[in-house]
Amino acid sequence: MRILGIETSCDETAAAVITTARRAIAIDSSVVRSQINIHQKYGGVVPEVAALDEAGVSISDIDRIAVTRGPGLITSLMVGVETARALAYTHDIPIVGINHLFGHIAVNQLPPQRPLTARDFPAVCLIASGGHTELILLKSLTQYRKIGQTLDDAAGEAFDKTAKLMGLPYPGGPVIAQRAAKGNPNHVIFPRPMLDSGDFNFSFSGLKTAVRYHVQKLPKLTPRTIDHLCAAVQQAIVDVLVAKTVMAAERHNVKTVLLGGGVVANTALRQQLTEQLAATLPQTTLRFPPVSYCGDNGLLAAAAGVYTAPPTSGWRRLRVDPNLSL
Ligand code: KG4
Ligand code: ZN
């Protein structure tokens with residue numbers, strides 16, 4: 001089965017083509033246009049034509065269209081969903097609306113990783129992105145439930161907002177990660193909210209406030225100080241994400257820890273989670289999706305589309321849902 005995935009939930013407009021064989025999935029193409037830097041040229045255009053071209057196929061070769069219908073920004077979501085509905089109607093292709101957050105989990109099925117099998121479950125997935133921070137317990141790729149989430153800001157939002165307070169550009173995550181590599185994480189110890197709350201929930205808005213007060217009190221924000229603050233902010237976020245993920249893995253006796261979302265591209269997070277999981281739960285396998293699949297892309301819609309059957313109502317009933325949850 002060949003699936004065209006379309007994803008437009010936030011800053012990116014993206015499309016990808018994958019082919020499923022009996023067990024494995026092959027990636028035929030993936031095209032991401034970010035509105036962050038090329039707004040004028042491609043803004044609002046879904047690159048499905050480029051994804052089909054790159055895959056060397058035409059729309060008539062597509063067996064299923066999978067499109068992100070939520071959660072996300074309503075106007076961005078509508079661009080993808082309306083394009084997908086028009087394609088499904090015009091070419092009579094089954095269409096399925098997918099949950100963006102499930103997409104962040106489903107990319108773990110893509111090569112170069114081997115696909116998960118029944119023996120890899122139960123699993124817990126940390127989803128950390130610009131809009132969400134959630135821990136999902138999975139019995140399989142079709143049976144899962146949320147066991148924890150952020151009560152206020154998401155982890156990515158904490159990176160983005162604290163970066164802004166330090167005068168750094170959007171998105172904050174990659175810039176903070178880069179500057180943090182040169183700084184001292186113990187320069188100042190920011191709060192680790194909810195670290196000892198005993199549940200799997202998160203809260204990051206207090207961190208933002210702590211950084212704001214700290215920056216306001218500084219006589220001057222020098223480049224060197226910014227490096228240190230970046231390291232301290234990153235360490236505060238990573239500490240909480242790592243501790244809660246390991247705790248969830250332990251409590252639910254999982255075989256596998258999965259990661260998804262833009263924030264899990266973070267090198268310090270990957271390193272520290274690897275170390276702490278190996279120390280606490282040496283039998284548990286940690287799987288990293290390649291960095292290029294962590295952020296938003298068409299592959300997440302296509303991969304989620306493998307596990308979601310298209311409804312018989314076809315394109316007619318498909319609607320965006322900005323608040324869709326897992
Ligand atoms: O999953 P994603 O691309 O979009 C959403 O679904 O929100 O995640 C974007 C978020 C942004 O907040 C961005 O700052 C963060 O992921 N991010 C990172 C890194 N790369 C992207 N955060 C920390 N370290 C990174 N290397
Ligand atoms: Zn995302």
# chains A, B, ... in the order shown; residues from 1 in each chain; ligands from 1
$ residues_near_ligand --ligand "ligand 2" --cutoff "9 Å" --atoms "only C-alpha atoms and all ligand atoms" --output "number ranges by chain"
A: 9-10, 72, 100-101, 103-104, 127-132, 260-262, 294-297, 300
$ select_by_dssp --residues "range 42-222 of chain A" --states "strand (DSSP E or B)" --output "count of residues only"
32
$ residues_around --residues "Asn253 in chain A" --least-positions-apart "2" --cutoff "9 Å" --atoms "only C-alpha atoms" --output "VMD selection string"
chain A and resid 122 to 123 248 to 251 255 284
$ atom_distance --atom1 "CA of Val242 in chain A" --atom2 "CA of Pro223 in chain A"
28.1 Å
$ closest_residue --among "A:Leu73, A:Met194, A:Ala302, A:Ala118" --to "ligand 1" --atoms "only C-alpha atoms and all ligand atoms"
A:Leu73
$ atom_distance --atom1 "CA of Pro289 in chain A" --atom2 "CA of Asn108 in chain A"
5.6 Å
$ residues_around --residues "Val32 in chain A" --least-positions-apart "2" --cutoff "9 Å" --atoms "only C-alpha atoms" --output "PyMOL selection string"
chain A and resi 12-16+30+34+47+296-298
$ residues_around --residues "Ala181 in chain A" --least-positions-apart "4" --cutoff "10 Å" --atoms "only C-alpha atoms" --output "PDB file with C-alpha atoms, in the first residue's frame"
ATOM      1  CA  ILE A 176      19.437  27.026  23.290  1.00  0.00           C
ATOM      2  CA  ALA A 177      20.870  23.548  22.642  1.00  0.00           C
ATOM      3  CA  PRO A 185      24.494  24.122  33.577  1.00  0.00           C
ATOM      4  CA  ASP A 227      25.602  30.525  27.106  1.00  0.00           C
ATOM      5  CA  HIS A 228      25.412  29.727  30.820  1.00  0.00           C
ATOM      6  CA  CYS A 230      20.997  28.335  28.041  1.00  0.00           C
ATOM      7  CA  ALA A 231      22.847  25.449  29.687  1.00  0.00           C
ATOM      8  CA  GLN A 234      18.213  23.109  29.102  1.00  0.00           C
ATOM      9  CA  THR A 267      21.258  15.864  22.194  1.00  0.00           C
ATOM     10  CA  ALA A 268      21.549  16.428  25.951  1.00  0.00           C
TER      11      ALA A 268
END
$ residues_around --residues "Thr256 in chain A" --least-positions-apart "2" --cutoff "10 Å" --atoms "only C-alpha atoms" --output "list in words"
Leu116, Arg119, Asp120, Phe121, Pro122, Ala123, Val124, Cys125, Leu138, Ala249, Asn253, Val254, Leu258, Gln283, Thr284, Thr285, Leu286 and Arg287 of chain A
$ write_last_selection --atoms "N, CA, C and O atoms" --output "PDB file, in the first residue's frame"
ATOM      1  N   LEU A 116       8.464  -1.982  15.307  1.00  0.00           N
ATOM      2  CA  LEU A 116       8.145  -2.585  16.610  1.00  0.00           C
ATOM      3  C   LEU A 116       7.273  -3.820  16.386  1.00  0.00           C
ATOM      4  O   LEU A 116       6.423  -3.829  15.495  1.00  0.00           O
ATOM      5  N   ARG A 119       6.557  -8.116  20.813  1.00  0.00           N
ATOM      6  CA  ARG A 119       7.538  -8.332  21.886  1.00  0.00           C
ATOM      7  C   ARG A 119       8.114  -7.030  22.464  1.00  0.00           C
ATOM      8  O   ARG A 119       8.731  -7.029  23.517  1.00  0.00           O
ATOM      9  N   ASP A 120       7.958  -5.926  21.739  1.00  0.00           N
ATOM     10  CA  ASP A 120       8.492  -4.643  22.211  1.00  0.00           C
ATOM     11  C   ASP A 120       7.549  -3.925  23.181  1.00  0.00           C
ATOM     12  O   ASP A 120       7.890  -2.874  23.723  1.00  0.00           O
ATOM     13  N   PHE A 121       6.343  -4.473  23.358  1.00  0.00           N
ATOM     14  CA  PHE A 121       5.345  -3.818  24.226  1.00  0.00           C
ATOM     15  C   PHE A 121       5.210  -4.558  25.552  1.00  0.00           C
ATOM     16  O   PHE A 121       5.534  -5.743  25.614  1.00  0.00           O
ATOM     17  N   PRO A 122       4.748  -3.898  26.628  1.00  0.00           N
ATOM     18  CA  PRO A 122       4.302  -2.506  26.664  1.00  0.00           C
ATOM     19  C   PRO A 122       5.462  -1.520  26.472  1.00  0.00           C
ATOM     20  O   PRO A 122       6.613  -1.845  26.737  1.00  0.00           O
ATOM     21  N   ALA A 123       5.089  -0.330  26.010  1.00  0.00           N
ATOM     22  CA  ALA A 123       6.080   0.717  25.787  1.00  0.00           C
ATOM     23  C   ALA A 123       5.536   2.026  26.351  1.00  0.00           C
ATOM     24  O   ALA A 123       4.321   2.185  26.512  1.00  0.00           O
ATOM     25  N   VAL A 124       6.450   2.930  26.644  1.00  0.00           N
ATOM     26  CA  VAL A 124       6.013   4.269  27.025  1.00  0.00           C
ATOM     27  C   VAL A 124       6.665   5.245  26.057  1.00  0.00           C
ATOM     28  O   VAL A 124       7.813   5.048  25.665  1.00  0.00           O
ATOM     29  N   CYS A 125       5.897   6.231  25.610  1.00  0.00           N
ATOM     30  CA  CYS A 125       6.453   7.223  24.676  1.00  0.00           C
ATOM     31  C   CYS A 125       6.405   8.607  25.311  1.00  0.00           C
ATOM     32  O   CYS A 125       5.356   9.050  25.776  1.00  0.00           O
ATOM     33  N   LEU A 138       1.700   2.484  25.916  1.00  0.00           N
ATOM     34  CA  LEU A 138       1.172   1.738  24.761  1.00  0.00           C
ATOM     35  C   LEU A 138       1.201   0.235  25.015  1.00  0.00           C
ATOM     36  O   LEU A 138       2.254  -0.310  25.370  1.00  0.00           O
ATOM     37  N   ALA A 249       8.544   4.423  32.984  1.00  0.00           N
ATOM     38  CA  ALA A 249       9.017   3.138  32.445  1.00  0.00           C
ATOM     39  C   ALA A 249       9.100   2.105  33.568  1.00  0.00           C
ATOM     40  O   ALA A 249       8.722   0.940  33.405  1.00  0.00           O
ATOM     41  N   ASN A 253       6.622  -1.049  34.067  1.00  0.00           N
ATOM     42  CA  ASN A 253       7.378  -2.232  33.673  1.00  0.00           C
ATOM     43  C   ASN A 253       7.470  -2.397  32.155  1.00  0.00           C
ATOM     44  O   ASN A 253       7.192  -3.476  31.622  1.00  0.00           O
ATOM     45  N   VAL A 254       7.824  -1.342  31.466  1.00  0.00           N
ATOM     46  CA  VAL A 254       7.785  -1.395  30.001  1.00  0.00           C
ATOM     47  C   VAL A 254       9.029  -2.061  29.423  1.00  0.00           C
ATOM     48  O   VAL A 254      10.086  -2.095  30.067  1.00  0.00           O
ATOM     49  N   LEU A 258       9.939   4.991  23.905  1.00  0.00           N
ATOM     50  CA  LEU A 258       9.921   5.637  22.597  1.00  0.00           C
ATOM     51  C   LEU A 258       9.948   7.146  22.788  1.00  0.00           C
ATOM     52  O   LEU A 258       9.514   7.645  23.829  1.00  0.00           O
ATOM     53  N   GLN A 283      17.330  -3.462  31.266  1.00  0.00           N
ATOM     54  CA  GLN A 283      16.650  -4.362  30.309  1.00  0.00           C
ATOM     55  C   GLN A 283      15.754  -3.602  29.332  1.00  0.00           C
ATOM     56  O   GLN A 283      15.264  -4.188  28.367  1.00  0.00           O
ATOM     57  N   THR A 284      15.514  -2.343  29.620  1.00  0.00           N
ATOM     58  CA  THR A 284      14.580  -1.575  28.788  1.00  0.00           C
ATOM     59  C   THR A 284      15.303  -0.974  27.585  1.00  0.00           C
ATOM     60  O   THR A 284      16.363  -0.390  27.732  1.00  0.00           O
ATOM     61  N   THR A 285      14.690  -1.123  26.419  1.00  0.00           N
ATOM     62  CA  THR A 285      15.301  -0.590  25.193  1.00  0.00           C
ATOM     63  C   THR A 285      14.799   0.828  24.944  1.00  0.00           C
ATOM     64  O   THR A 285      13.605   1.092  25.044  1.00  0.00           O
ATOM     65  N   LEU A 286      15.738   1.714  24.610  1.00  0.00           N
ATOM     66  CA  LEU A 286      15.376   3.091  24.255  1.00  0.00           C
ATOM     67  C   LEU A 286      15.526   3.243  22.747  1.00  0.00           C
ATOM     68  O   LEU A 286      16.545   2.854  22.187  1.00  0.00           O
ATOM     69  N   ARG A 287      14.481   3.763  22.112  1.00  0.00           N
ATOM     70  CA  ARG A 287      14.546   3.945  20.650  1.00  0.00           C
ATOM     71  C   ARG A 287      14.454   5.420  20.300  1.00  0.00           C
ATOM     72  O   ARG A 287      13.544   6.108  20.738  1.00  0.00           O
TER      73      ARG A 287
END
$ closest_residue --among "A:Leu195, A:Leu221, A:Ala279, A:Ala180" --to "ligand 1" --atoms "only C-alpha atoms and all ligand atoms"
A:Ala180
$ closest_residue --among "A:Pro311, A:Gly198, A:Pro290, A:Pro174" --to "ligand 1" --atoms "only C-alpha atoms and all ligand atoms"
A:Pro174
$ atom_distance --atom1 "CA of Leu110 in chain A" --atom2 "CA of Ile6 in chain A"
16.3 Å
$ residues_around --residues "Pro191 in chain A" --least-positions-apart "5" --cutoff "9 Å" --atoms "only C-alpha atoms" --output "ChimeraX atom specification"
/A:206-207,210,236
$ closest_residue --among "A:Leu269, A:Leu324, A:Ala301, A:Val240" --to "ligand 1" --atoms "only C-alpha atoms and all ligand atoms"
A:Leu269
